[in-house]
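**Student:** Below are the structure tokens for one structure; questions will follow.
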Amino acid sequence: MTQPEVFADATKAATGSPLIEVSHVDKFFGDFQALKDINLVVGHQEVVVVIGPSGSGKSTLIRCINRLEKHDRGRIVVDGIELSDDIRNIQEVRRETGMVFQQFNLFPHLTVLDNITLAPRQVRRVPKVEAEAEAMKLLERVGIPEQAHKYPGQLSGGQQQRVAIARSLAMKPKVMLFDEPTSALDPEMIKEVLDVMVELAQGGMTMIVVTHEMGFARAVADRIVFMSDGQIVEVGPPEHFFTNPTEERTKLFLSQIL
Amino acid sequence: MTTTVRSRPRFYRDVRILTWAFQLLVFAVVAAVGLWLWGNFRRNTASSGIPTSFDFLSNPTTFSIPGADFSPNEPVRNAYIVGLINTLRVSIVGIVFATIVGVLVGIGRLAQNWVVSRLSTVYVELFRNLPLLVLLTFIFLGVVLQFLPAIADSWTPLGWFVFSNRGIGVPWYDGISGWSLVGLVAVGGLGWWLIARWRRKVHERTGRPSRGVLLGGGFFVLALVLGWVALGGGITLPAVDGRQIAGGIRVDPSFFALLIALSVYTASHIAEIVRGAIQAIPKGQSEAAMALALKGFQRMWYVILPQAMRVAIPPLGNQYLNLIKNSSLGAGFAYFELTNVTQVTVGNGSPAVPAFFLTLLFYVVLSLVTSAIVNIANRRFKVVER
Amino acid sequence: MSADAMRPPSRSGPSEWMRRNLFRTWYDTVLTVVFGALALYVLARAIVFVFVDARWEIIEVNLKLLMVGRWPSEELTTIAVAVAMTGLLIGLVAGLVRGRQVRAGTAVRPSIGSRLADLAGRFSLLIGTALLLLALTDTAGPWTMAIATLVAGVVGRLVGGWLGSRFLPRWVTRLGALLIVAIPFVVFFYLNRAVPLAAWEGFFFNITAAMAGILLCFPLGVLLALARRSRLRLLQSMSIVYIEFVRGAPLFVLLLMANVSLEFFVPAAIAPSKVVRAITVFTLFTAAYLAEIVRGGLQSVPRGQEEAATALGLSPFKSMLLIVLPQALRNVIPAQIGQFISLFKDTTLAGLALGILDMLSAAQVITQQPAFRGQGLIIETLVFVGFLFWVGSFTMSRESQRLERKIGVGER
């Protein structure tokens, strides 16, 4: 794993200065070790796509980055703040990171607009009028301003996921985490969500994306991280990854899904 | 687990410390309320000179319990035991009755026969929405004490039963000890089990119908009757003797009313559970069984009921618990179960707080035991299912 | 027979229906005949009893005692006002709910006529019973009350519908919510000033005690549910001990206990009245059951909801209060209604345990009046009392089933 390019070194940021630093992180679920000595540095405005077979620890990794799961060993630093048992640090990191889930997890009892304005108003104490104006801008950005006053149950899956992205963006996060954002969508809706994500990446957002969408990875990723059995097996830019991967496990995985 | 060195947050921001501090705070509030209550209790009882210990259990009872071989000189402790037994007696019989009626009515609601399903619905909706106490009062004051005739002109259907407002006479076994009866049942049951096993083997080997229930049950009845006669057992029929019922066994009017009310009321809830459990089985199960050419009874017995049982057991257990707890209403109708014993002994000078505390403890333990049994049954059915 | 066999069986018609649903097999025929005869016999006896034999004058004479106990006649207007206020409140809430649906565009819009017909059908038993009670009275008071309540309800519904369908400034909605929460308390103090709580009797006691119990148990019940579900071990075990202990104990025994021993646990200066004791026990008792219901509701909210709220930076407290709890409570509304029905029926125990003159006790007491003593009229009074409880809980349970279907369909 000692390739000359900076892209192949997980412990260095590919673009810009480091924003997220994960070093020597282990995570256990009971006796099962979900993450084994993970080292990864993500730079400002970098887009990292994490791929790998199911159960390989991809989701656990990004869920550790905003403390939905607590890591057992090692250090995770986001924007200079270490995730420790310090409640202030934890809240601060969560404010700086947005997360989009596979199952959307929109709040069904709130309208689309309320879904988006909830966190800015409650956490950042933005006045209602301002928050709503900002929310409408975000809805326009994801292409569904006309749905603002509907409830999530009235929207299609693709629309719901776009609202979920807008909801995360409303907190003005420094980094966006995507946990298989298109896996629960019907095929015809995947594109509308990916388009929003591509636009986001081109706008300079730092992103970590867990996905099976290889087309998206090839087009947008600065680096691809391949994980298996809780370990990072291989890291590299897309062209390296899809043309001549070095590790056997990577080759096997790619041959199965491509 | 070793941890790499990491900067320690200050204590007032440490999640681990905060969660414990929060818990201790809540605990402190609860404890303070508890201590306040306890302090009031100590002060109030001390100022009025009321004992707070359980010494009263050794005092003489000073009241008699109808229908029990119990003298007023026995300690309160023994009265509690009689009460507990009476609670268990009405509860167990009630549970059996309520289950039988409830299952029948529950299946009846799904019957294709219009009259049966309508009547079952009326039964469920009528009794489920009545307060149990209204039902019990009605049965005790309205039916038992008012409709049942005085002992002098009691009804004696077939000469087998005696119905009067002094009590209900029912045929009972006679001339044979309870233990030999248990032995006979055990022998008959063992024979039934062996025959059923043999017939099942035959059925598996040859495919001929097993008829295990018919033959085994037949043996059971035969063994019981023959053993009975051989051991010189008989039956006593109740009869009116002056102002009393002689022979048979006399069922107290209050026991009768409580039993009927509890059974009828609980059965209406059980019927709903049974119906819900059967309807929860996907239609495909029934259709698959039909496609295999199983007959109506076979579909029910081999396919639907085993699955429905699994759904029904937890709520059924809840109903049994409710029935046990509701049996405390017998206290209002002169049935000497646990609550009534407590109430009367408190009235006769036992200290209220320890006396009732003990009773509550009995009920809580009864509930825990019942739910433990239900849990075991539940687990068994789950394991069998897989 | 042969001619019939040649024809294909007809698929409709009363004879076919009877063949299929009454006389399909020989044992079906037996069941139909036996149970049909039994049903007809019981029905005939019941009709003869209700319309011929029963001496309902005991109810007519004692109607006030059964309904409100010994509430002074000159203070009856307070009850009328309170009932009308309740009508207003119900109308307001119904209107607001409806208005919100209209605003969100999820409302179905059948004609007013068909909606009224639907309401009349669903509550026909309740309406019929109210008319029956009115027919039994010989003063103008109850009629005035009924009409005032109806008017208040309609006004509330219209105002609520108008308010609910509009976007209002936040202070208006806050104030409105506060008012709606305040109305029950205002009504309570208004009633309590006229006749102190300790003297509330009759059906009025049964209804108010049940409402008080279900409202007051809410804070404790929700807290217990949250504690039981939390990962904080100490809180969890305290909650489990409380819930299991209370659920293992019979309500009747708890009431008896409160009757003879509650005064030991509070300072001597506070001498709780029987009604207060009853409501205290109802509250503490129902809280344990409500806790289990709410726990079920919390479990029905997907984990992702809490995770999403956390990921947005909401504190655990806020994500519980704003995201999880509203959904959990909404999902268990039918179960909460079931708990209310059960408490409503159980309020009769207070009469037996504490000697409060509730409707059931009154039904027994009036048969001892000189004019009616020893005439076996307990059947009449118990049938009447049972009927009122039955109508109430039957209507509520049917409404809760309807809601359950609606919630089940509406979600996701």
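Following the order of the structure tokens, first chain is A, next is B, and so on, with residues numbered from 1 inside each chain and ligands from 1 in the order they appear.
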Which residues come within 10 Å of Ile165 in chain A, counting only C-alpha atoms, excluding same-chain residues fewer than 2 positions away, as a CSV table (one decimal) with all heavy atoms, in the first residue's frame?
**Tutor:**
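Once everything was written out, this is selection28.csv:
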chain,number,residue,atom,x,y,z
A,98,GLY,N,-23.3,16.9,8.3
A,98,GLY,CA,-24.7,16.5,7.9
A,98,GLY,C,-24.7,15.1,7.6
A,98,GLY,O,-23.7,14.5,7.2
A,99,MET,N,-25.9,14.4,7.8
A,99,MET,CA,-25.9,13.0,7.5
A,99,MET,C,-27.2,12.7,6.7
A,99,MET,O,-28.3,13.2,7.0
A,99,MET,CB,-25.9,12.2,8.7
A,99,MET,CG,-25.9,10.7,8.5
A,99,MET,SD,-24.8,9.8,9.6
A,99,MET,CE,-24.9,8.2,9.1
A,100,VAL,N,-27.1,11.9,5.7
A,100,VAL,CA,-28.2,11.4,4.9
A,100,VAL,C,-28.3,9.9,5.0
A,100,VAL,O,-27.3,9.2,4.8
A,100,VAL,CB,-28.1,11.9,3.4
A,100,VAL,CG1,-29.2,11.3,2.6
A,100,VAL,CG2,-28.0,13.4,3.3
A,101,PHE,N,-29.5,9.4,5.3
A,101,PHE,CA,-29.6,8.0,5.6
A,101,PHE,C,-30.2,7.2,4.5
A,101,PHE,O,-30.9,7.8,3.6
A,101,PHE,CB,-30.6,7.8,6.8
A,101,PHE,CG,-30.1,8.5,8.1
A,101,PHE,CD1,-30.3,9.8,8.4
A,101,PHE,CD2,-29.4,7.7,9.0
A,101,PHE,CE1,-29.8,10.4,9.6
A,101,PHE,CE2,-28.9,8.3,10.2
A,101,PHE,CZ,-29.1,9.6,10.5
A,104,PHE,N,-34.1,7.6,4.5
A,104,PHE,CA,-34.4,9.0,4.6
A,104,PHE,C,-34.6,9.6,6.0
A,104,PHE,O,-34.1,10.6,6.3
A,104,PHE,CB,-35.7,9.3,3.8
A,104,PHE,CG,-36.0,8.4,2.6
A,104,PHE,CD1,-37.3,7.9,2.4
A,104,PHE,CD2,-35.0,8.1,1.8
A,104,PHE,CE1,-37.5,7.1,1.3
A,104,PHE,CE2,-35.2,7.2,0.7
A,104,PHE,CZ,-36.5,6.8,0.5
A,116,ILE,N,-37.1,20.9,7.6
A,116,ILE,CA,-35.8,21.5,7.2
A,116,ILE,C,-35.5,22.6,8.2
A,116,ILE,O,-34.3,22.8,8.6
A,116,ILE,CB,-35.9,22.1,5.8
A,116,ILE,CG1,-36.1,21.0,4.8
A,116,ILE,CG2,-34.6,22.9,5.4
A,116,ILE,CD1,-36.4,21.5,3.4
A,138,LEU,N,-33.0,26.2,-0.3
A,138,LEU,CA,-32.5,24.8,-0.4
A,138,LEU,C,-33.4,23.9,-1.2
A,138,LEU,O,-33.0,23.1,-2.0
A,138,LEU,CB,-32.2,24.2,1.0
A,138,LEU,CG,-31.0,24.8,1.7
A,138,LEU,CD1,-31.0,24.4,3.2
A,138,LEU,CD2,-29.8,24.3,1.0
A,139,LEU,N,-34.7,24.1,-1.0
A,139,LEU,CA,-35.7,23.3,-1.7
A,139,LEU,C,-35.6,23.6,-3.2
A,139,LEU,O,-35.7,22.7,-4.0
A,139,LEU,CB,-37.1,23.5,-1.2
A,139,LEU,CG,-37.5,22.8,0.1
A,139,LEU,CD1,-38.9,23.2,0.5
A,139,LEU,CD2,-37.4,21.3,-0.1
A,142,VAL,N,-32.6,21.7,-4.5
A,142,VAL,CA,-32.8,20.3,-4.8
A,142,VAL,C,-34.0,20.0,-5.7
A,142,VAL,O,-34.4,18.9,-6.0
A,142,VAL,CB,-33.0,19.5,-3.5
A,142,VAL,CG1,-31.8,19.6,-2.6
A,142,VAL,CG2,-34.3,19.9,-2.7
A,159,GLN,N,-38.1,12.2,-3.9
A,159,GLN,CA,-38.3,13.5,-3.4
A,159,GLN,C,-38.0,13.6,-1.9
A,159,GLN,O,-37.4,14.5,-1.4
A,159,GLN,CB,-39.8,13.9,-3.6
A,159,GLN,CG,-40.1,14.2,-5.0
A,159,GLN,CD,-41.6,14.4,-5.3
A,159,GLN,OE1,-42.4,13.8,-4.6
A,159,GLN,NE2,-42.0,15.2,-6.2
A,160,GLN,N,-38.3,12.5,-1.2
A,160,GLN,CA,-38.1,12.5,0.3
A,160,GLN,C,-36.6,12.5,0.5
A,160,GLN,O,-36.1,13.3,1.4
A,160,GLN,CB,-38.6,11.2,0.9
A,160,GLN,CG,-40.1,11.1,1.0
A,160,GLN,CD,-40.6,10.0,1.9
A,160,GLN,OE1,-40.0,9.8,3.0
A,160,GLN,NE2,-41.5,9.2,1.5
A,161,GLN,N,-35.8,11.8,-0.3
A,161,GLN,CA,-34.3,11.8,-0.1
A,161,GLN,C,-33.8,13.2,-0.4
A,161,GLN,O,-32.8,13.7,0.3
A,161,GLN,CB,-33.7,10.7,-0.9
A,161,GLN,CG,-32.2,10.4,-0.5
A,161,GLN,CD,-32.1,9.9,0.9
A,161,GLN,OE1,-32.4,10.6,1.8
A,161,GLN,NE2,-31.6,8.7,1.1
A,162,ARG,N,-34.3,13.9,-1.4
A,162,ARG,CA,-33.9,15.2,-1.7
A,162,ARG,C,-34.2,16.2,-0.5
A,162,ARG,O,-33.4,17.1,-0.2
A,162,ARG,CB,-34.4,15.7,-3.0
A,162,ARG,CG,-33.8,15.0,-4.2
A,162,ARG,CD,-34.2,15.6,-5.5
A,162,ARG,NE,-35.4,15.1,-6.0
A,162,ARG,CZ,-36.2,15.7,-6.9
A,162,ARG,NH1,-35.8,16.8,-7.4
A,162,ARG,NH2,-37.3,15.1,-7.3
A,163,VAL,N,-35.4,16.0,0.1
A,163,VAL,CA,-35.7,16.8,1.2
A,163,VAL,C,-34.7,16.5,2.4
A,163,VAL,O,-34.2,17.4,3.0
A,163,VAL,CB,-37.1,16.5,1.7
A,163,VAL,CG1,-37.4,17.2,3.0
A,163,VAL,CG2,-38.1,17.0,0.7
A,167,ARG,N,-32.5,19.1,4.3
A,167,ARG,CA,-32.5,19.2,5.7
A,167,ARG,C,-31.1,19.3,6.3
A,167,ARG,O,-30.9,20.0,7.3
A,167,ARG,CB,-33.3,18.0,6.3
A,167,ARG,CG,-33.5,18.1,7.8
A,167,ARG,CD,-34.3,16.9,8.3
A,167,ARG,NE,-33.7,15.6,8.2
A,167,ARG,CZ,-34.2,14.5,8.6
A,167,ARG,NH1,-35.4,14.5,9.2
A,167,ARG,NH2,-33.6,13.4,8.5
A,168,SER,N,-30.2,18.4,5.8
A,168,SER,CA,-28.9,18.4,6.4
A,168,SER,C,-28.2,19.7,6.0
A,168,SER,O,-27.4,20.2,6.8
A,168,SER,CB,-28.1,17.2,5.8
A,168,SER,OG,-28.7,16.0,6.3
A,169,LEU,N,-28.4,20.1,4.8
A,169,LEU,CA,-27.6,21.3,4.3
A,169,LEU,C,-28.1,22.6,5.1
A,169,LEU,O,-27.3,23.5,5.2
A,169,LEU,CB,-27.9,21.6,2.8
A,169,LEU,CG,-27.3,20.5,1.9
A,169,LEU,CD1,-27.7,20.8,0.4
A,169,LEU,CD2,-25.7,20.6,2.0
A,170,ALA,N,-29.3,22.5,5.6
A,170,ALA,CA,-29.8,23.7,6.3
A,170,ALA,C,-28.9,24.0,7.5
A,170,ALA,O,-28.9,25.2,8.0
A,170,ALA,CB,-31.2,23.5,6.7
A,176,MET,N,-20.5,16.4,4.6
A,176,MET,CA,-21.8,15.7,4.5
A,176,MET,C,-21.5,14.2,4.4
A,176,MET,O,-20.6,13.7,3.7
A,176,MET,CB,-22.5,16.0,3.2
A,176,MET,CG,-23.2,17.4,3.2
A,176,MET,SD,-24.7,17.4,4.2
A,176,MET,CE,-25.8,16.6,3.0
A,178,PHE,N,-23.0,10.4,3.6
A,178,PHE,CA,-24.1,9.8,2.9
A,178,PHE,C,-24.0,8.3,3.2
A,178,PHE,O,-23.0,7.7,2.9
A,178,PHE,CB,-24.0,10.0,1.4
A,178,PHE,CG,-24.3,11.4,1.0
A,178,PHE,CD1,-23.3,12.4,1.1
A,178,PHE,CD2,-25.6,11.8,0.7
A,178,PHE,CE1,-23.6,13.7,0.7
A,178,PHE,CE2,-25.9,13.1,0.3
A,178,PHE,CZ,-24.9,14.1,0.3
A,181,PRO,N,-27.3,6.4,0.2
A,181,PRO,CA,-28.5,7.3,0.0
A,181,PRO,C,-29.5,6.8,-1.1
A,181,PRO,O,-30.6,7.2,-1.1
A,181,PRO,CB,-27.9,8.6,-0.4
A,181,PRO,CG,-26.6,8.3,-0.9
A,181,PRO,CD,-26.1,7.1,-0.2
A,193,VAL,N,-31.6,11.9,-7.3
A,193,VAL,CA,-30.9,12.1,-6.0
A,193,VAL,C,-29.4,12.2,-6.3
A,193,VAL,O,-28.7,13.1,-5.8
A,193,VAL,CB,-31.1,10.9,-5.1
A,193,VAL,CG1,-30.2,11.0,-3.9
A,193,VAL,CG2,-32.6,10.9,-4.6
A,196,VAL,N,-28.4,15.7,-7.5
A,196,VAL,CA,-28.2,16.6,-6.4
A,196,VAL,C,-26.9,16.5,-5.8
A,196,VAL,O,-26.2,17.4,-5.5
A,196,VAL,CB,-29.4,16.5,-5.4
A,196,VAL,CG1,-29.1,17.3,-4.2
A,196,VAL,CG2,-30.7,16.8,-6.0
A,197,MET,N,-26.5,15.2,-5.6
A,197,MET,CA,-25.2,15.0,-5.0
A,197,MET,C,-24.0,15.4,-5.8
A,197,MET,O,-23.0,16.0,-5.3
A,197,MET,CB,-25.1,13.5,-4.6
A,197,MET,CG,-26.0,13.0,-3.5
A,197,MET,SD,-26.1,11.2,-3.3
A,197,MET,CE,-24.5,10.8,-2.9
A,200,LEU,N,-23.7,19.1,-5.6
A,200,LEU,CA,-23.2,19.4,-4.3
A,200,LEU,C,-21.7,19.3,-4.3
A,200,LEU,O,-20.9,20.1,-3.8
A,200,LEU,CB,-23.8,18.4,-3.2
A,200,LEU,CG,-23.9,18.9,-1.8
A,200,LEU,CD1,-24.6,20.2,-1.7
A,200,LEU,CD2,-24.6,17.8,-1.0
**Student:** Please provide as an NGL selection string all residues within 12 Å of Leu298 in chain C, with the sequence filter that same-chain residues fewer than 2 positions apart are discarded (counting only C-alpha atoms).
**Tutor:** :C and (222 or 225-230 or 291-296 or 300-303 or 305-306 or 320-321 or 323-332)
**Student:** Taking a cut-off of 7 Å and counting only C-alpha atoms, can you build a table that, for each residue of chain C near chain A, reports the nearest atom pair and how far apart they are in Å (one decimal), sorted by chain then residue number, as CSV?
**Tutor:**
residue,atom,partner,partner_atom,distance
C:Ala104,CA,A:Lys150,CA,6.2
C:Gly304,CA,A:Asn105,CA,5.6
C:Gln305,CA,A:Asn105,CA,5.5
C:Glu307,CA,A:Leu68,CA,6.9
C:Ala308,CA,A:Asn105,CA,6.1
C:Ala311,CA,A:Arg94,CA,5.7
C:Leu312,CA,A:Ala119,CA,6.1
C:Gly313,CA,A:Arg95,CA,5.0
C:Leu314,CA,A:Val123,CA,6.3
C:Ile323,CA,A:Phe107,CA,6.9
C:Gln327,CA,A:His109,CA,6.7
C:Arg412,CA,A:Gly153,CA,5.3
**Student:** Could you please take those selected residues and save all heavy atoms as a JSON list (two decimals), in the first residue's frame?
**Tutor:**
[["chain", "number", "residue", "atom", "x", "y", "z"],
["C", 104, "ALA", "N", -53.24, 20.97, 5.18],
["C", 104, "ALA", "CA", -52.20, 20.08, 4.64],
["C", 104, "ALA", "C", -52.67, 19.41, 3.36],
["C", 104, "ALA", "O", -51.89, 18.74, 2.70],
["C", 104, "ALA", "CB", -51.84, 19.03, 5.67],
["C", 304, "GLY", "N", -34.32, 5.17, 13.29],
["C", 304, "GLY", "CA", -33.76, 6.19, 12.40],
["C", 304, "GLY", "C", -34.23, 7.59, 12.73],
["C", 304, "GLY", "O", -33.52, 8.56, 12.49],
["C", 305, "GLN", "N", -35.44, 7.72, 13.30],
["C", 305, "GLN", "CA", -35.95, 9.03, 13.65],
["C", 305, "GLN", "C", -35.05, 9.71, 14.67],
["C", 305, "GLN", "O", -34.68, 10.86, 14.52],
["C", 305, "GLN", "CB", -37.37, 8.89, 14.20],
["C", 305, "GLN", "CG", -38.38, 8.48, 13.17],
["C", 305, "GLN", "CD", -38.62, 9.58, 12.18],
["C", 305, "GLN", "OE1", -38.82, 10.72, 12.55],
["C", 305, "GLN", "NE2", -38.56, 9.26, 10.90],
["C", 307, "GLU", "N", -31.99, 8.87, 15.35],
["C", 307, "GLU", "CA", -30.66, 9.05, 14.78],
["C", 307, "GLU", "C", -30.60, 10.30, 13.91],
["C", 307, "GLU", "O", -29.64, 11.07, 13.97],
["C", 307, "GLU", "CB", -30.28, 7.82, 13.94],
["C", 307, "GLU", "CG", -29.86, 6.66, 14.81],
["C", 307, "GLU", "CD", -29.48, 5.46, 13.99],
["C", 307, "GLU", "OE1", -29.60, 5.51, 12.75],
["C", 307, "GLU", "OE2", -29.07, 4.46, 14.59],
["C", 308, "ALA", "N", -31.65, 10.49, 13.10],
["C", 308, "ALA", "CA", -31.66, 11.66, 12.23],
["C", 308, "ALA", "C", -31.64, 12.92, 13.06],
["C", 308, "ALA", "O", -30.92, 13.88, 12.76],
["C", 308, "ALA", "CB", -32.88, 11.62, 11.33],
["C", 311, "ALA", "N", -28.23, 13.37, 14.49],
["C", 311, "ALA", "CA", -27.27, 13.77, 13.47],
["C", 311, "ALA", "C", -27.43, 15.23, 13.11],
["C", 311, "ALA", "O", -26.48, 15.89, 12.70],
["C", 311, "ALA", "CB", -27.46, 12.91, 12.23],
["C", 312, "LEU", "N", -28.64, 15.78, 13.28],
["C", 312, "LEU", "CA", -28.86, 17.19, 13.00],
["C", 312, "LEU", "C", -28.36, 18.07, 14.13],
["C", 312, "LEU", "O", -28.41, 19.29, 14.04],
["C", 312, "LEU", "CB", -30.35, 17.47, 12.78],
["C", 312, "LEU", "CG", -30.91, 17.02, 11.44],
["C", 312, "LEU", "CD1", -32.42, 17.12, 11.43],
["C", 312, "LEU", "CD2", -30.32, 17.87, 10.33],
["C", 313, "GLY", "N", -27.93, 17.44, 15.22],
["C", 313, "GLY", "CA", -27.39, 18.21, 16.32],
["C", 313, "GLY", "C", -28.38, 18.47, 17.44],
["C", 313, "GLY", "O", -28.07, 19.21, 18.37],
["C", 314, "LEU", "N", -29.59, 17.88, 17.35],
["C", 314, "LEU", "CA", -30.54, 18.08, 18.45],
["C", 314, "LEU", "C", -30.07, 17.30, 19.68],
["C", 314, "LEU", "O", -29.56, 16.20, 19.57],
["C", 314, "LEU", "CB", -31.93, 17.57, 18.04],
["C", 314, "LEU", "CG", -32.91, 18.63, 17.52],
["C", 314, "LEU", "CD1", -32.38, 19.25, 16.25],
["C", 314, "LEU", "CD2", -34.28, 18.03, 17.28],
["C", 323, "ILE", "N", -39.33, 15.03, 18.32],
["C", 323, "ILE", "CA", -39.38, 14.05, 17.23],
["C", 323, "ILE", "C", -40.03, 12.74, 17.67],
["C", 323, "ILE", "O", -41.02, 12.31, 17.10],
["C", 323, "ILE", "CB", -37.96, 13.76, 16.69],
["C", 323, "ILE", "CG1", -37.30, 15.06, 16.25],
["C", 323, "ILE", "CG2", -38.01, 12.75, 15.57],
["C", 323, "ILE", "CD1", -38.03, 15.81, 15.18],
["C", 327, "GLN", "N", -44.63, 11.36, 17.81],
["C", 327, "GLN", "CA", -45.04, 10.22, 16.97],
["C", 327, "GLN", "C", -45.50, 9.06, 17.83],
["C", 327, "GLN", "O", -46.48, 8.38, 17.52],
["C", 327, "GLN", "CB", -43.87, 9.78, 16.10],
["C", 327, "GLN", "CG", -43.41, 10.84, 15.13],
["C", 327, "GLN", "CD", -42.28, 10.33, 14.27],
["C", 327, "GLN", "OE1", -42.37, 9.27, 13.68],
["C", 327, "GLN", "NE2", -41.20, 11.08, 14.21],
["C", 412, "ARG", "N", -47.14, 6.40, 6.60],
["C", 412, "ARG", "CA", -46.20, 5.86, 5.62],
["C", 412, "ARG", "C", -46.86, 5.13, 4.46],
["C", 412, "ARG", "O", -47.31, 4.02, 4.56],
["C", 412, "ARG", "CB", -45.26, 4.86, 6.27],
["C", 412, "ARG", "CG", -43.93, 5.46, 6.57],
["C", 412, "ARG", "CD", -43.23, 4.63, 7.60],
["C", 412, "ARG", "NE", -43.56, 5.19, 8.89],
["C", 412, "ARG", "CZ", -42.74, 6.01, 9.53],
["C", 412, "ARG", "NH1", -41.59, 6.27, 9.03],
["C", 412, "ARG", "NH2", -43.08, 6.53, 10.67]]
**Student:** Which residues are near Arg103 in chain C? Cut-off 12 Å, only C-alpha atoms, ignore same chain within fewer than 3 positions. Put them as JSON, numbers by chain.
**Tutor:** {"A": [111, 149, 150, 151], "C": [96, 97, 98, 99, 100, 106, 107, 108, 161, 162, 163, 164, 165, 166, 167, 168]}
**Student:** Under the rule of at most 8 Å, produce a per-residue listing of chain A near chain B: chain, number, name, the closest pair of atoms, and the distance in Å, as CSV, using only C-alpha atoms.
**Tutor:**
residue,atom,partner,partner_atom,distance
A:Asp72,CA,B:Thr3,CA,7.5
A:Arg73,CA,B:Thr3,CA,5.7
A:Gly74,CA,B:Thr4,CA,6.1
A:Arg75,CA,B:Arg6,CA,7.7
A:Ser84,CA,B:Pro9,CA,7.4
A:Asp85,CA,B:Asp14,CA,5.2
A:Asp86,CA,B:Asp14,CA,4.6
A:Ile87,CA,B:Arg13,CA,5.3
A:Arg88,CA,B:Arg13,CA,6.5
**Student:** Tell me as a PyMOL selection string which residues belonging to chain C come within 6 Å of chain B, counting only C-alpha atoms.
**Tutor:** chain C and resi 21-22+32+248-250+261+264-267+345+379+390+393-394
**Student:** Would you save the residues from that selection as an mmCIF file, in the first residue's frame, using N, CA and C atoms?
**Tutor:**
data_model
loop_
_atom_site.group_PDB
_atom_site.id
_atom_site.type_symbol
_atom_site.label_atom_id
_atom_site.label_comp_id
_atom_site.auth_asym_id
_atom_site.auth_seq_id
_atom_site.Cartn_x
_atom_site.Cartn_y
_atom_site.Cartn_z
ATOM 1 N N ASN C 21 -75.644 -19.832 5.060
ATOM 2 C CA ASN C 21 -75.246 -19.299 6.359
ATOM 3 C C ASN C 21 -76.010 -19.890 7.545
ATOM 4 N N LEU C 22 -77.026 -20.653 7.290
ATOM 5 C CA LEU C 22 -77.778 -21.211 8.416
ATOM 6 C C LEU C 22 -77.847 -22.738 8.389
ATOM 7 N N THR C 32 -78.175 -23.660 14.484
ATOM 8 C CA THR C 32 -79.082 -22.567 14.152
ATOM 9 C C THR C 32 -80.365 -22.673 14.958
ATOM 10 N N GLY C 248 -49.044 -5.594 39.212
ATOM 11 C CA GLY C 248 -49.332 -6.854 39.887
ATOM 12 C C GLY C 248 -50.390 -6.721 40.967
ATOM 13 N N ALA C 249 -50.720 -5.492 41.328
ATOM 14 C CA ALA C 249 -51.642 -5.284 42.442
ATOM 15 C C ALA C 249 -53.050 -5.014 41.921
ATOM 16 N N PRO C 250 -54.077 -5.576 42.584
ATOM 17 C CA PRO C 250 -55.447 -5.280 42.160
ATOM 18 C C PRO C 250 -55.825 -3.855 42.531
ATOM 19 N N SER C 261 -55.295 3.757 54.902
ATOM 20 C CA SER C 261 -53.919 4.058 55.296
ATOM 21 C C SER C 261 -53.279 5.255 54.604
ATOM 22 N N PHE C 264 -51.825 8.070 56.808
ATOM 23 C CA PHE C 264 -50.576 7.879 57.538
ATOM 24 C C PHE C 264 -49.382 8.444 56.781
ATOM 25 N N PHE C 265 -49.517 8.572 55.463
ATOM 26 C CA PHE C 265 -48.348 8.910 54.655
ATOM 27 C C PHE C 265 -48.249 10.394 54.326
ATOM 28 N N VAL C 266 -49.217 11.168 54.743
ATOM 29 C CA VAL C 266 -49.135 12.609 54.522
ATOM 30 C C VAL C 266 -49.211 13.292 55.879
ATOM 31 N N PRO C 267 -48.729 14.532 55.954
ATOM 32 C CA PRO C 267 -48.799 15.234 57.244
ATOM 33 C C PRO C 267 -50.227 15.279 57.757
ATOM 34 N N LYS C 345 -64.752 2.249 33.577
ATOM 35 C CA LYS C 345 -65.488 1.144 34.185
ATOM 36 C C LYS C 345 -65.025 0.886 35.620
ATOM 37 N N ILE C 379 -82.862 -5.140 39.945
ATOM 38 C CA ILE C 379 -82.670 -5.484 38.537
ATOM 39 C C ILE C 379 -82.827 -4.237 37.677
ATOM 40 N N TRP C 390 -72.378 0.873 29.572
ATOM 41 C CA TRP C 390 -72.183 0.121 28.338
ATOM 42 C C TRP C 390 -72.167 1.047 27.125
ATOM 43 N N SER C 393 -68.814 2.996 27.045
ATOM 44 C CA SER C 393 -67.583 2.314 26.662
ATOM 45 C C SER C 393 -67.710 1.667 25.288
ATOM 46 N N PHE C 394 -68.919 1.260 24.916
ATOM 47 C CA PHE C 394 -69.084 0.679 23.577
ATOM 48 C C PHE C 394 -68.793 1.731 22.503
#
